[in-house]
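Trainee: Take a look at input12.cif, mmCIF, C-alpha atoms (C1' of nucleotides); chains and numbers go by the auth columns:
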```cif
data_work
#
loop_
_atom_site.group_PDB
_atom_site.id
_atom_site.type_symbol
_atom_site.label_atom_id
_atom_site.label_comp_id
_atom_site.label_asym_id
_atom_site.label_seq_id
_atom_site.Cartn_x
_atom_site.Cartn_y
_atom_site.Cartn_z
_atom_site.B_iso_or_equiv
_atom_site.auth_seq_id
_atom_site.auth_asym_id
ATOM 1 C CA MET A 1 19.045 -4.311 -2.597 0.00 1 A
ATOM 2 C CA SER A 2 16.972 -4.264 0.564 0.00 2 A
ATOM 3 C CA GLU A 3 13.505 -4.943 -0.811 0.00 3 A
ATOM 4 C CA VAL A 4 10.552 -4.517 1.478 0.00 4 A
ATOM 5 C CA ASP A 5 8.122 -7.422 1.746 0.00 5 A
ATOM 6 C CA ARG A 6 4.881 -5.874 0.502 0.00 6 A
ATOM 7 C CA VAL A 7 2.773 -8.694 1.887 0.00 7 A
ATOM 8 C CA ILE A 8 3.825 -7.822 5.418 0.00 8 A
ATOM 9 C CA HIS A 9 4.343 -4.112 4.812 0.00 9 A
ATOM 10 C CA GLU A 10 0.628 -3.369 4.366 0.00 10 A
ATOM 11 C CA PRO A 11 -0.407 -1.888 7.743 0.00 11 A
ATOM 12 C CA ALA A 12 -3.457 -4.115 8.227 0.00 12 A
ATOM 13 C CA ARG A 13 -1.428 -7.271 7.614 0.00 13 A
ATOM 14 C CA LEU A 14 1.499 -5.963 9.622 0.00 14 A
ATOM 15 C CA LEU A 15 -0.826 -5.632 12.574 0.00 15 A
ATOM 16 C CA ILE A 16 -2.138 -9.151 12.039 0.00 16 A
ATOM 17 C CA VAL A 17 1.347 -10.613 11.804 0.00 17 A
ATOM 18 C CA ALA A 18 2.502 -8.650 14.826 0.00 18 A
ATOM 19 C CA LEU A 19 -0.464 -9.907 16.822 0.00 19 A
ATOM 20 C CA LEU A 20 0.182 -13.480 15.749 0.00 20 A
ATOM 21 C CA SER A 21 3.878 -13.270 16.507 0.00 21 A
ATOM 22 C CA GLY A 22 3.005 -12.577 20.114 0.00 22 A
ATOM 23 C CA ALA A 23 0.670 -15.542 20.492 0.00 23 A
ATOM 24 C CA LYS A 24 0.512 -19.133 19.373 0.00 24 A
ATOM 25 C CA GLU A 25 -2.784 -18.657 17.646 0.00 25 A
ATOM 26 C CA ALA A 26 -5.721 -16.302 17.417 0.00 26 A
ATOM 27 C CA ASP A 27 -9.312 -16.611 16.314 0.00 27 A
ATOM 28 C CA PHE A 28 -11.103 -14.589 13.671 0.00 28 A
ATOM 29 C CA LEU A 29 -13.123 -12.461 16.061 0.00 29 A
ATOM 30 C CA PHE A 30 -10.124 -11.551 18.154 0.00 30 A
ATOM 31 C CA LEU A 31 -8.263 -10.378 15.068 0.00 31 A
ATOM 32 C CA GLN A 32 -11.257 -8.426 13.859 0.00 32 A
ATOM 33 C CA ARG A 33 -11.607 -6.618 17.171 0.00 33 A
ATOM 34 C CA GLU A 34 -7.910 -5.816 17.419 0.00 34 A
ATOM 35 C CA THR A 35 -7.541 -4.631 13.839 0.00 35 A
ATOM 36 C CA ASN A 36 -10.889 -2.870 13.423 0.00 36 A
ATOM 37 C CA LEU A 37 -11.198 -4.394 9.959 0.00 37 A
ATOM 38 C CA THR A 38 -14.492 -5.434 8.430 0.00 38 A
ATOM 39 C CA LYS A 39 -15.042 -9.171 8.101 0.00 39 A
ATOM 40 C CA GLY A 40 -14.572 -8.966 4.359 0.00 40 A
ATOM 41 C CA ASN A 41 -11.270 -7.160 4.608 0.00 41 A
ATOM 42 C CA LEU A 42 -9.905 -9.321 7.375 0.00 42 A
ATOM 43 C CA SER A 43 -10.865 -12.377 5.380 0.00 43 A
ATOM 44 C CA SER A 44 -9.091 -11.179 2.255 0.00 44 A
ATOM 45 C CA HIS A 45 -5.982 -10.126 4.150 0.00 45 A
ATOM 46 C CA LEU A 46 -5.848 -13.565 5.740 0.00 46 A
ATOM 47 C CA MET A 47 -6.145 -15.071 2.270 0.00 47 A
ATOM 48 C CA LYS A 48 -3.167 -13.050 1.090 0.00 48 A
ATOM 49 C CA LEU A 49 -1.134 -14.151 4.071 0.00 49 A
ATOM 50 C CA GLU A 50 -2.155 -17.748 3.527 0.00 50 A
ATOM 51 C CA GLU A 51 -1.246 -17.615 -0.165 0.00 51 A
ATOM 52 C CA ALA A 52 2.181 -16.326 0.836 0.00 52 A
ATOM 53 C CA ASN A 53 2.395 -19.293 3.203 0.00 53 A
ATOM 54 C CA TYR A 54 2.882 -16.986 6.147 0.00 54 A
ATOM 55 C CA ILE A 55 -0.076 -18.265 8.154 0.00 55 A
ATOM 56 C CA GLU A 56 -2.110 -21.421 8.638 0.00 56 A
ATOM 57 C CA ILE A 57 -5.868 -21.221 8.875 0.00 57 A
ATOM 58 C CA GLU A 58 -7.699 -23.947 10.743 0.00 58 A
ATOM 59 C CA LYS A 59 -11.443 -23.984 10.470 0.00 59 A
ATOM 60 C CA THR A 60 -13.088 -25.858 13.302 0.00 60 A
ATOM 61 C CA PHE A 61 -16.180 -25.539 15.434 0.00 61 A
ATOM 62 C CA ARG A 62 -16.898 -24.263 18.880 0.00 62 A
ATOM 63 C CA GLY A 63 -19.880 -26.488 19.451 0.00 63 A
ATOM 64 C CA LYS A 64 -21.660 -25.991 16.162 0.00 64 A
ATOM 65 C CA ILE A 65 -20.581 -22.425 15.608 0.00 65 A
ATOM 66 C CA PRO A 66 -17.703 -21.964 13.189 0.00 66 A
ATOM 67 C CA LEU A 67 -14.368 -21.081 14.741 0.00 67 A
ATOM 68 C CA THR A 68 -11.456 -19.957 12.631 0.00 68 A
ATOM 69 C CA LEU A 69 -8.008 -20.272 14.135 0.00 69 A
ATOM 70 C CA VAL A 70 -4.993 -18.539 12.654 0.00 70 A
ATOM 71 C CA ARG A 71 -1.337 -19.034 13.414 0.00 71 A
ATOM 72 C CA LEU A 72 2.016 -18.067 11.906 0.00 72 A
ATOM 73 C CA THR A 73 3.970 -20.654 9.954 0.00 73 A
ATOM 74 C CA GLU A 74 7.737 -20.954 10.148 0.00 74 A
ATOM 75 C CA ASP A 75 7.905 -19.053 6.866 0.00 75 A
ATOM 76 C CA GLY A 76 5.754 -16.329 8.347 0.00 76 A
ATOM 77 C CA ARG A 77 7.869 -16.030 11.444 0.00 77 A
ATOM 78 C CA ALA A 78 11.032 -15.864 9.343 0.00 78 A
ATOM 79 C CA ALA A 79 9.519 -13.290 6.983 0.00 79 A
ATOM 80 C CA PHE A 80 8.473 -11.105 9.895 0.00 80 A
ATOM 81 C CA GLN A 81 11.922 -11.350 11.393 0.00 81 A
ATOM 82 C CA SER A 82 13.488 -10.369 8.100 0.00 82 A
ATOM 83 C CA TYR A 83 11.002 -7.538 7.676 0.00 83 A
ATOM 84 C CA ARG A 84 11.891 -6.190 11.097 0.00 84 A
ATOM 85 C CA LYS A 85 15.544 -6.269 10.133 0.00 85 A
ATOM 86 C CA THR A 86 15.138 -4.258 6.944 0.00 86 A
ATOM 87 C CA MET A 87 12.773 -1.825 8.663 0.00 87 A
ATOM 88 C CA ASN A 88 15.128 -1.251 11.542 0.00 88 A
ATOM 89 C CA GLY A 89 17.807 -0.560 8.979 0.00 89 A
ATOM 90 C CA LEU A 90 15.673 2.147 7.401 0.00 90 A
ATOM 91 C CA LEU A 91 14.513 3.634 10.689 0.00 91 A
ATOM 92 C CA ARG A 92 17.902 3.654 12.365 0.00 92 A
ATOM 93 C CA MET B 1 -5.551 4.111 17.436 0.00 1 B
ATOM 94 C CA SER B 2 -2.017 3.991 16.121 0.00 2 B
ATOM 95 C CA GLU B 3 -2.543 4.991 12.501 0.00 3 B
ATOM 96 C CA VAL B 4 0.307 4.559 10.080 0.00 4 B
ATOM 97 C CA ASP B 5 1.251 7.549 7.940 0.00 5 B
ATOM 98 C CA ARG B 6 0.697 6.244 4.420 0.00 6 B
ATOM 99 C CA VAL B 7 2.651 9.056 2.842 0.00 7 B
ATOM 100 C CA ILE B 8 5.809 7.913 4.583 0.00 8 B
ATOM 101 C CA HIS B 9 4.929 4.233 4.724 0.00 9 B
ATOM 102 C CA GLU B 10 5.267 3.700 0.976 0.00 10 B
ATOM 103 C CA PRO B 11 8.713 2.039 0.617 0.00 11 B
ATOM 104 C CA ALA B 12 9.968 4.374 -2.100 0.00 12 B
ATOM 105 C CA ARG B 13 9.092 7.457 -0.072 0.00 13 B
ATOM 106 C CA LEU B 14 10.323 5.886 3.148 0.00 14 B
ATOM 107 C CA LEU B 15 13.704 5.479 1.493 0.00 15 B
ATOM 108 C CA ILE B 16 13.666 9.083 0.315 0.00 16 B
ATOM 109 C CA VAL B 17 12.736 10.387 3.746 0.00 17 B
ATOM 110 C CA ALA B 18 15.314 8.178 5.414 0.00 18 B
ATOM 111 C CA LEU B 19 17.990 9.438 3.043 0.00 19 B
ATOM 112 C CA LEU B 20 16.989 13.051 3.659 0.00 20 B
ATOM 113 C CA SER B 21 16.890 12.605 7.409 0.00 21 B
ATOM 114 C CA GLY B 22 20.554 11.681 7.301 0.00 22 B
ATOM 115 C CA ALA B 23 21.604 14.723 5.289 0.00 23 B
ATOM 116 C CA LYS B 24 20.747 18.413 5.114 0.00 24 B
ATOM 117 C CA GLU B 25 19.761 18.191 1.478 0.00 25 B
ATOM 118 C CA ALA B 26 20.079 15.998 -1.592 0.00 26 B
ATOM 119 C CA ASP B 27 19.809 16.564 -5.302 0.00 27 B
ATOM 120 C CA PHE B 28 17.517 14.816 -7.740 0.00 28 B
ATOM 121 C CA LEU B 29 20.157 12.640 -9.342 0.00 29 B
ATOM 122 C CA PHE B 30 21.508 11.438 -6.026 0.00 30 B
ATOM 123 C CA LEU B 31 18.035 10.381 -4.941 0.00 31 B
ATOM 124 C CA GLN B 32 17.402 8.683 -8.254 0.00 32 B
ATOM 125 C CA ARG B 33 20.594 6.665 -8.002 0.00 33 B
ATOM 126 C CA GLU B 34 19.980 5.681 -4.389 0.00 34 B
ATOM 127 C CA THR B 35 16.354 4.699 -4.870 0.00 35 B
ATOM 128 C CA ASN B 36 16.592 3.136 -8.335 0.00 36 B
ATOM 129 C CA LEU B 37 13.389 4.896 -9.301 0.00 37 B
ATOM 130 C CA THR B 38 12.676 6.208 -12.759 0.00 38 B
ATOM 131 C CA LYS B 39 12.659 9.985 -13.114 0.00 39 B
ATOM 132 C CA GLY B 40 8.901 10.033 -13.451 0.00 40 B
ATOM 133 C CA ASN B 41 8.335 8.024 -10.323 0.00 41 B
ATOM 134 C CA LEU B 42 10.849 9.920 -8.263 0.00 42 B
ATOM 135 C CA SER B 43 9.274 13.148 -9.442 0.00 43 B
ATOM 136 C CA SER B 44 5.773 12.069 -8.462 0.00 44 B
ATOM 137 C CA HIS B 45 6.903 10.740 -5.081 0.00 45 B
ATOM 138 C CA LEU B 46 8.594 14.059 -4.407 0.00 46 B
ATOM 139 C CA MET B 47 5.362 15.792 -5.375 0.00 47 B
ATOM 140 C CA LYS B 48 3.445 13.723 -2.842 0.00 48 B
ATOM 141 C CA LEU B 49 5.943 14.536 -0.135 0.00 49 B
ATOM 142 C CA GLU B 50 5.834 18.208 -1.051 0.00 50 B
ATOM 143 C CA GLU B 51 2.021 18.262 -0.983 0.00 51 B
ATOM 144 C CA ALA B 52 2.163 16.762 2.501 0.00 52 B
ATOM 145 C CA ASN B 53 4.576 19.562 3.390 0.00 53 B
ATOM 146 C CA TYR B 54 7.228 17.039 4.380 0.00 54 B
ATOM 147 C CA ILE B 55 9.911 18.321 2.016 0.00 55 B
ATOM 148 C CA GLU B 56 11.000 21.522 0.325 0.00 56 B
ATOM 149 C CA ILE B 57 12.050 21.483 -3.297 0.00 57 B
ATOM 150 C CA GLU B 58 14.421 24.153 -4.500 0.00 58 B
ATOM 151 C CA LYS B 59 15.013 24.384 -8.215 0.00 59 B
ATOM 152 C CA THR B 60 18.226 26.138 -9.051 0.00 60 B
ATOM 153 C CA PHE B 61 21.008 25.835 -11.599 0.00 61 B
ATOM 154 C CA ARG B 62 24.473 24.395 -11.588 0.00 62 B
ATOM 155 C CA GLY B 63 25.846 26.741 -14.207 0.00 63 B
ATOM 156 C CA LYS B 64 23.055 26.474 -16.731 0.00 64 B
ATOM 157 C CA ILE B 65 22.043 22.907 -16.019 0.00 65 B
ATOM 158 C CA PRO B 66 19.010 22.487 -13.782 0.00 66 B
ATOM 159 C CA LEU B 67 19.685 21.349 -10.263 0.00 67 B
ATOM 160 C CA THR B 68 16.896 20.234 -7.981 0.00 68 B
ATOM 161 C CA LEU B 69 17.600 20.281 -4.277 0.00 69 B
ATOM 162 C CA VAL B 70 15.399 18.527 -1.754 0.00 70 B
ATOM 163 C CA ARG B 71 15.344 18.784 2.000 0.00 71 B
ATOM 164 C CA LEU B 72 13.092 17.779 4.860 0.00 72 B
ATOM 165 C CA THR B 73 10.893 20.399 6.484 0.00 73 B
ATOM 166 C CA GLU B 74 10.267 20.523 10.211 0.00 74 B
ATOM 167 C CA ASP B 75 6.932 18.823 9.550 0.00 75 B
ATOM 168 C CA GLY B 76 8.696 16.112 7.622 0.00 76 B
ATOM 169 C CA ARG B 77 11.220 15.520 10.342 0.00 77 B
ATOM 170 C CA ALA B 78 8.468 15.343 12.945 0.00 78 B
ATOM 171 C CA ALA B 79 6.369 13.001 10.821 0.00 79 B
ATOM 172 C CA PHE B 80 9.319 10.682 10.295 0.00 80 B
ATOM 173 C CA GLN B 81 10.014 10.696 14.003 0.00 81 B
ATOM 174 C CA SER B 82 6.414 9.842 14.747 0.00 82 B
ATOM 175 C CA TYR B 83 6.403 7.168 12.054 0.00 83 B
ATOM 176 C CA ARG B 84 9.468 5.560 13.593 0.00 84 B
ATOM 177 C CA LYS B 85 7.725 5.524 16.942 0.00 85 B
ATOM 178 C CA THR B 86 4.600 3.737 15.739 0.00 86 B
ATOM 179 C CA MET B 87 6.675 1.324 13.662 0.00 87 B
ATOM 180 C CA ASN B 88 8.925 0.465 16.555 0.00 88 B
ATOM 181 C CA GLY B 89 5.802 -0.195 18.561 0.00 89 B
ATOM 182 C CA LEU B 90 4.610 -2.690 15.994 0.00 90 B
ATOM 183 C CA LEU B 91 7.986 -4.341 15.485 0.00 91 B
ATOM 184 C CA ARG B 92 8.930 -4.596 19.112 0.00 92 B
ATOM 185 C "C1'" DG C 1 -42.285 -21.029 14.781 0.00 1 C
ATOM 186 C "C1'" DC C 2 -40.069 -16.980 13.371 0.00 2 C
ATOM 187 C "C1'" DA C 3 -37.383 -12.523 13.626 0.00 3 C
ATOM 188 C "C1'" DG C 4 -33.196 -10.996 14.663 0.00 4 C
ATOM 189 C "C1'" DA C 5 -28.353 -11.358 16.043 0.00 5 C
ATOM 190 C "C1'" DC C 6 -23.963 -13.809 15.702 0.00 6 C
ATOM 191 C "C1'" DC C 7 -20.121 -16.399 13.226 0.00 7 C
ATOM 192 C "C1'" DA C 8 -17.361 -16.579 9.036 0.00 8 C
ATOM 193 C "C1'" DG C 9 -17.116 -15.923 5.171 0.00 9 C
ATOM 194 C "C1'" DT C 10 -17.620 -14.608 -0.645 0.00 10 C
ATOM 195 C "C1'" DC C 11 -18.499 -11.268 -4.132 0.00 11 C
ATOM 196 C "C1'" DT C 12 -18.800 -6.803 -6.232 0.00 12 C
ATOM 197 C "C1'" DG C 13 -17.762 -2.206 -7.176 0.00 13 C
ATOM 198 C "C1'" DT C 14 -14.987 1.816 -6.446 0.00 14 C
ATOM 199 C "C1'" DA C 15 -11.340 4.710 -5.833 0.00 15 C
ATOM 200 C "C1'" DC C 16 -6.648 5.138 -5.316 0.00 16 C
ATOM 201 C "C1'" DT C 17 -1.918 4.667 -6.591 0.00 17 C
ATOM 202 C "C1'" DA C 18 2.498 2.828 -7.825 0.00 18 C
ATOM 203 C "C1'" DC C 19 5.049 2.131 -11.742 0.00 19 C
ATOM 204 C "C1'" DA C 20 6.892 2.107 -16.482 0.00 20 C
ATOM 205 C "C1'" DA C 21 7.393 4.306 -20.573 0.00 21 C
ATOM 206 C "C1'" DA C 22 6.802 8.053 -23.699 0.00 22 C
ATOM 207 C "C1'" DC C 23 7.351 12.627 -24.390 0.00 23 C
ATOM 208 C "C1'" DC C 24 9.347 17.437 -23.593 0.00 24 C
ATOM 209 C "C1'" DA C 25 12.740 21.255 -23.139 0.00 25 C
ATOM 210 C "C1'" DG C 26 16.983 22.966 -22.497 0.00 26 C
ATOM 211 C "C1'" DT C 27 22.338 22.198 -22.144 0.00 27 C
ATOM 212 C "C1'" DC C 28 26.713 20.228 -23.005 0.00 28 C
ATOM 213 C "C1'" DT C 29 29.925 17.180 -25.586 0.00 29 C
ATOM 214 C "C1'" DT C 30 31.823 15.336 -29.700 0.00 30 C
ATOM 215 C "C1'" DA D 1 24.222 17.656 -36.187 0.00 1 D
ATOM 216 C "C1'" DA D 2 23.903 13.548 -33.059 0.00 2 D
ATOM 217 C "C1'" DG D 3 23.844 11.959 -28.750 0.00 3 D
ATOM 218 C "C1'" DA D 4 23.778 12.123 -23.775 0.00 4 D
ATOM 219 C "C1'" DC D 5 22.887 14.749 -19.819 0.00 5 D
ATOM 220 C "C1'" DT D 6 19.862 17.749 -16.682 0.00 6 D
ATOM 221 C "C1'" DG D 7 14.874 17.375 -14.551 0.00 7 D
ATOM 222 C "C1'" DG D 8 11.001 16.973 -15.318 0.00 8 D
ATOM 223 C "C1'" DT D 9 5.222 16.127 -17.139 0.00 9 D
ATOM 224 C "C1'" DT D 10 1.814 13.143 -19.008 0.00 10 D
ATOM 225 C "C1'" DT D 11 -0.408 8.899 -19.967 0.00 11 D
ATOM 226 C "C1'" DG D 12 -1.820 4.282 -19.508 0.00 12 D
ATOM 227 C "C1'" DT D 13 -2.149 0.096 -16.879 0.00 13 D
ATOM 228 C "C1'" DA D 14 -2.404 -3.147 -13.464 0.00 14 D
ATOM 229 C "C1'" DG D 15 -2.858 -4.062 -8.678 0.00 15 D
ATOM 230 C "C1'" DT D 16 -5.243 -3.574 -4.437 0.00 16 D
ATOM 231 C "C1'" DA D 17 -7.337 -1.887 -0.193 0.00 17 D
ATOM 232 C "C1'" DC D 18 -11.706 -1.109 1.418 0.00 18 D
ATOM 233 C "C1'" DA D 19 -16.745 -0.853 2.241 0.00 19 D
ATOM 234 C "C1'" DG D 20 -20.885 -2.877 1.751 0.00 20 D
ATOM 235 C "C1'" DA D 21 -24.118 -6.342 0.133 0.00 21 D
ATOM 236 C "C1'" DC D 22 -25.128 -11.017 0.067 0.00 22 D
ATOM 237 C "C1'" DT D 23 -24.846 -16.128 1.739 0.00 23 D
ATOM 238 C "C1'" DG D 24 -25.400 -19.953 4.903 0.00 24 D
ATOM 239 C "C1'" DG D 25 -25.560 -21.883 9.087 0.00 25 D
ATOM 240 C "C1'" DT D 26 -26.486 -21.420 14.381 0.00 26 D
ATOM 241 C "C1'" DC D 27 -28.364 -19.690 18.577 0.00 27 D
ATOM 242 C "C1'" DT D 28 -31.552 -16.630 21.365 0.00 28 D
ATOM 243 C "C1'" DG D 29 -35.882 -14.411 22.620 0.00 29 D
ATOM 244 C "C1'" DC D 30 -40.664 -13.866 22.119 0.00 30 D
#
```
Translate this structure into structure tokens?
Mentor:
Amino acid sequence: MSEVDRVIHEPARLLIVALLSGAKEADFLFLQRETNLTKGNLSSHLMKLEEANYIEIEKTFRGKIPLTLVRLTEDGRAAFQSYRKTMNGLLR
Amino acid sequence: MSEVDRVIHEPARLLIVALLSGAKEADFLFLQRETNLTKGNLSSHLMKLEEANYIEIEKTFRGKIPLTLVRLTEDGRAAFQSYRKTMNGLLR
DNA sequence: GCAGACCAGTCTGTACTACAAACCAGTCTT
DNA sequence: AAGACTGGTTTGTAGTACAGACTGGTCTGC
């Protein structure tokens, strides 16, 4: 019945989603510092979240230095909400 | 900082632990029906939980048919409590 | 001008692990 | 004797998290 969303359930991605749910958007470096993930891992986790259509990734520039902005989509926000529901059910 | 306990985090085991936390003990068949796991999987998840010292497994007999009873240890109860804490922190 | 650090990746290799399915051993029912 | 039930163990596979190496461009210091 109550299936757990594996995309969000993974601790690293759960942290990312939780961080994003509290802000409008976040940049790559901020996420890396908060999650303590290597660049490679953070990048691949963001890819997974993007493939699931849970986040949007906007690649721009701060001057001429690359700047990657990440924000939750509506789908992502809904999925997180639903995840919280099922988790609270299990942890009650 | 706030590390997630992977032993409990796995959805199948989380369900098992949650079920056990609500009862003194449960038998193998009950857990299998509630979790929808195959015997093999349930067995190996129980092994993982036992290795972590989160549950006790008592093998007895109902007449002459094997009966496997499972219950949370103090460690298991504490770990679940701590897991709930960190999760609630992330989901808040 | 060039080494080194910073930004944001991709790619590769490894080690783990969840899961299904097959097999096993004994018991009870028909 | 056949089949279903109890509660497992073993095996094989596919997925995946993670670290670390490599890439490419930019900026900083000497």
Trainee: Define the interface residues of chain B facing chain C as those within 9 Å, counting all atoms listed in the file, and report them as a list in words.
Mentor: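 Here is what falls inside 9 Å: Thr38, Gly40, Asn41, Lys64, Ile65 and Pro66 of chain B.
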Trainee: Find the residues around His45 (chain B) up to 10 Å (only C-alpha atoms (C1' of nucleotides) counted), leave out those fewer than 6 positions away in its own chain, and share them as a VMD selection string.
Mentor: (chain B and resid 7 10 12 to 13 16 37 39 51) or (chain C and resid 18)
Trainee: Please superimpose chain B upon chain A, fitting all C-alpha atoms matched one to one in order, and report the result as a PDB file with C-alpha atoms, in the frame of the given file.
Mentor:
```
ATOM      1  CA  MET B   1      19.042  -4.194  -2.585  1.00  0.00           C
ATOM      2  CA  SER B   2      16.981  -4.187   0.575  1.00  0.00           C
ATOM      3  CA  GLU B   3      13.526  -4.936  -0.796  1.00  0.00           C
ATOM      4  CA  VAL B   4      10.555  -4.513   1.477  1.00  0.00           C
ATOM      5  CA  ASP B   5       8.120  -7.415   1.729  1.00  0.00           C
ATOM      6  CA  ARG B   6       4.877  -5.871   0.505  1.00  0.00           C
ATOM      7  CA  VAL B   7       2.774  -8.684   1.875  1.00  0.00           C
ATOM      8  CA  ILE B   8       3.821  -7.822   5.407  1.00  0.00           C
ATOM      9  CA  HIS B   9       4.327  -4.115   4.825  1.00  0.00           C
ATOM     10  CA  GLU B  10       0.627  -3.375   4.369  1.00  0.00           C
ATOM     11  CA  PRO B  11      -0.410  -1.885   7.755  1.00  0.00           C
ATOM     12  CA  ALA B  12      -3.445  -4.116   8.227  1.00  0.00           C
ATOM     13  CA  ARG B  13      -1.421  -7.264   7.613  1.00  0.00           C
ATOM     14  CA  LEU B  14       1.516  -5.960   9.621  1.00  0.00           C
ATOM     15  CA  LEU B  15      -0.829  -5.638  12.577  1.00  0.00           C
ATOM     16  CA  ILE B  16      -2.137  -9.157  12.043  1.00  0.00           C
ATOM     17  CA  VAL B  17       1.350 -10.614  11.802  1.00  0.00           C
ATOM     18  CA  ALA B  18       2.505  -8.654  14.824  1.00  0.00           C
ATOM     19  CA  LEU B  19      -0.458  -9.911  16.826  1.00  0.00           C
ATOM     20  CA  LEU B  20       0.194 -13.495  15.746  1.00  0.00           C
ATOM     21  CA  SER B  21       3.889 -13.272  16.501  1.00  0.00           C
ATOM     22  CA  GLY B  22       3.013 -12.544  20.105  1.00  0.00           C
ATOM     23  CA  ALA B  23       0.677 -15.511  20.485  1.00  0.00           C
ATOM     24  CA  LYS B  24       0.524 -19.132  19.367  1.00  0.00           C
ATOM     25  CA  GLU B  25      -2.788 -18.637  17.626  1.00  0.00           C
ATOM     26  CA  ALA B  26      -5.745 -16.282  17.409  1.00  0.00           C
ATOM     27  CA  ASP B  27      -9.325 -16.607  16.296  1.00  0.00           C
ATOM     28  CA  PHE B  28     -11.107 -14.592  13.647  1.00  0.00           C
ATOM     29  CA  LEU B  29     -13.152 -12.470  16.011  1.00  0.00           C
ATOM     30  CA  PHE B  30     -10.166 -11.546  18.132  1.00  0.00           C
ATOM     31  CA  LEU B  31      -8.288 -10.370  15.059  1.00  0.00           C
ATOM     32  CA  GLN B  32     -11.293  -8.442  13.830  1.00  0.00           C
ATOM     33  CA  ARG B  33     -11.663  -6.620  17.126  1.00  0.00           C
ATOM     34  CA  GLU B  34      -7.961  -5.825  17.385  1.00  0.00           C
ATOM     35  CA  THR B  35      -7.577  -4.620  13.815  1.00  0.00           C
ATOM     36  CA  ASN B  36     -10.931  -2.865  13.392  1.00  0.00           C
ATOM     37  CA  LEU B  37     -11.243  -4.386   9.945  1.00  0.00           C
ATOM     38  CA  THR B  38     -14.514  -5.446   8.407  1.00  0.00           C
ATOM     39  CA  LYS B  39     -15.033  -9.188   8.062  1.00  0.00           C
ATOM     40  CA  GLY B  40     -14.528  -9.011   4.327  1.00  0.00           C
ATOM     41  CA  ASN B  41     -11.262  -7.167   4.594  1.00  0.00           C
ATOM     42  CA  LEU B  42      -9.904  -9.318   7.367  1.00  0.00           C
ATOM     43  CA  SER B  43     -10.854 -12.379   5.361  1.00  0.00           C
ATOM     44  CA  SER B  44      -9.070 -11.172   2.239  1.00  0.00           C
ATOM     45  CA  HIS B  45      -5.966 -10.114   4.168  1.00  0.00           C
ATOM     46  CA  LEU B  46      -5.842 -13.555   5.741  1.00  0.00           C
ATOM     47  CA  MET B  47      -6.148 -15.048   2.268  1.00  0.00           C
ATOM     48  CA  LYS B  48      -3.158 -13.035   1.094  1.00  0.00           C
ATOM     49  CA  LEU B  49      -1.115 -14.145   4.064  1.00  0.00           C
ATOM     50  CA  GLU B  50      -2.156 -17.743   3.513  1.00  0.00           C
ATOM     51  CA  GLU B  51      -1.244 -17.594  -0.187  1.00  0.00           C
ATOM     52  CA  ALA B  52       2.187 -16.318   0.814  1.00  0.00           C
ATOM     53  CA  ASN B  53       2.385 -19.293   3.171  1.00  0.00           C
ATOM     54  CA  TYR B  54       2.878 -16.983   6.137  1.00  0.00           C
ATOM     55  CA  ILE B  55      -0.080 -18.263   8.146  1.00  0.00           C
ATOM     56  CA  GLU B  56      -2.120 -21.410   8.624  1.00  0.00           C
ATOM     57  CA  ILE B  57      -5.879 -21.209   8.855  1.00  0.00           C
ATOM     58  CA  GLU B  58      -7.703 -23.926  10.723  1.00  0.00           C
ATOM     59  CA  LYS B  59     -11.463 -23.964  10.470  1.00  0.00           C
ATOM     60  CA  THR B  60     -13.074 -25.836  13.298  1.00  0.00           C
ATOM     61  CA  PHE B  61     -16.160 -25.531  15.468  1.00  0.00           C
ATOM     62  CA  ARG B  62     -16.851 -24.285  18.940  1.00  0.00           C
ATOM     63  CA  GLY B  63     -19.817 -26.539  19.547  1.00  0.00           C
ATOM     64  CA  LYS B  64     -21.643 -25.968  16.295  1.00  0.00           C
ATOM     65  CA  ILE B  65     -20.556 -22.401  15.703  1.00  0.00           C
ATOM     66  CA  PRO B  66     -17.684 -21.953  13.268  1.00  0.00           C
ATOM     67  CA  LEU B  67     -14.353 -21.069  14.771  1.00  0.00           C
ATOM     68  CA  THR B  68     -11.459 -19.944  12.630  1.00  0.00           C
ATOM     69  CA  LEU B  69      -8.010 -20.254  14.123  1.00  0.00           C
ATOM     70  CA  VAL B  70      -4.981 -18.539  12.650  1.00  0.00           C
ATOM     71  CA  ARG B  71      -1.325 -19.019  13.401  1.00  0.00           C
ATOM     72  CA  LEU B  72       2.008 -18.068  11.902  1.00  0.00           C
ATOM     73  CA  THR B  73       3.955 -20.658   9.943  1.00  0.00           C
ATOM     74  CA  GLU B  74       7.717 -20.974  10.141  1.00  0.00           C
ATOM     75  CA  ASP B  75       7.895 -19.058   6.863  1.00  0.00           C
ATOM     76  CA  GLY B  76       5.753 -16.335   8.338  1.00  0.00           C
ATOM     77  CA  ARG B  77       7.869 -16.047  11.430  1.00  0.00           C
ATOM     78  CA  ALA B  78      11.024 -15.879   9.333  1.00  0.00           C
ATOM     79  CA  ALA B  79       9.532 -13.302   6.980  1.00  0.00           C
ATOM     80  CA  PHE B  80       8.473 -11.119   9.890  1.00  0.00           C
ATOM     81  CA  GLN B  81      11.929 -11.395  11.378  1.00  0.00           C
ATOM     82  CA  SER B  82      13.494 -10.393   8.093  1.00  0.00           C
ATOM     83  CA  TYR B  83      11.000  -7.565   7.670  1.00  0.00           C
ATOM     84  CA  ARG B  84      11.893  -6.222  11.098  1.00  0.00           C
ATOM     85  CA  LYS B  85      15.543  -6.294  10.137  1.00  0.00           C
ATOM     86  CA  THR B  86      15.151  -4.270   6.950  1.00  0.00           C
ATOM     87  CA  MET B  87      12.780  -1.852   8.675  1.00  0.00           C
ATOM     88  CA  ASN B  88      15.138  -1.294  11.556  1.00  0.00           C
ATOM     89  CA  GLY B  89      17.817  -0.588   8.999  1.00  0.00           C
ATOM     90  CA  LEU B  90      15.699   2.120   7.442  1.00  0.00           C
ATOM     91  CA  LEU B  91      14.531   3.612  10.727  1.00  0.00           C
ATOM     92  CA  ARG B  92      17.865   3.595  12.457  1.00  0.00           C
TER      93      ARG B  92
END
```
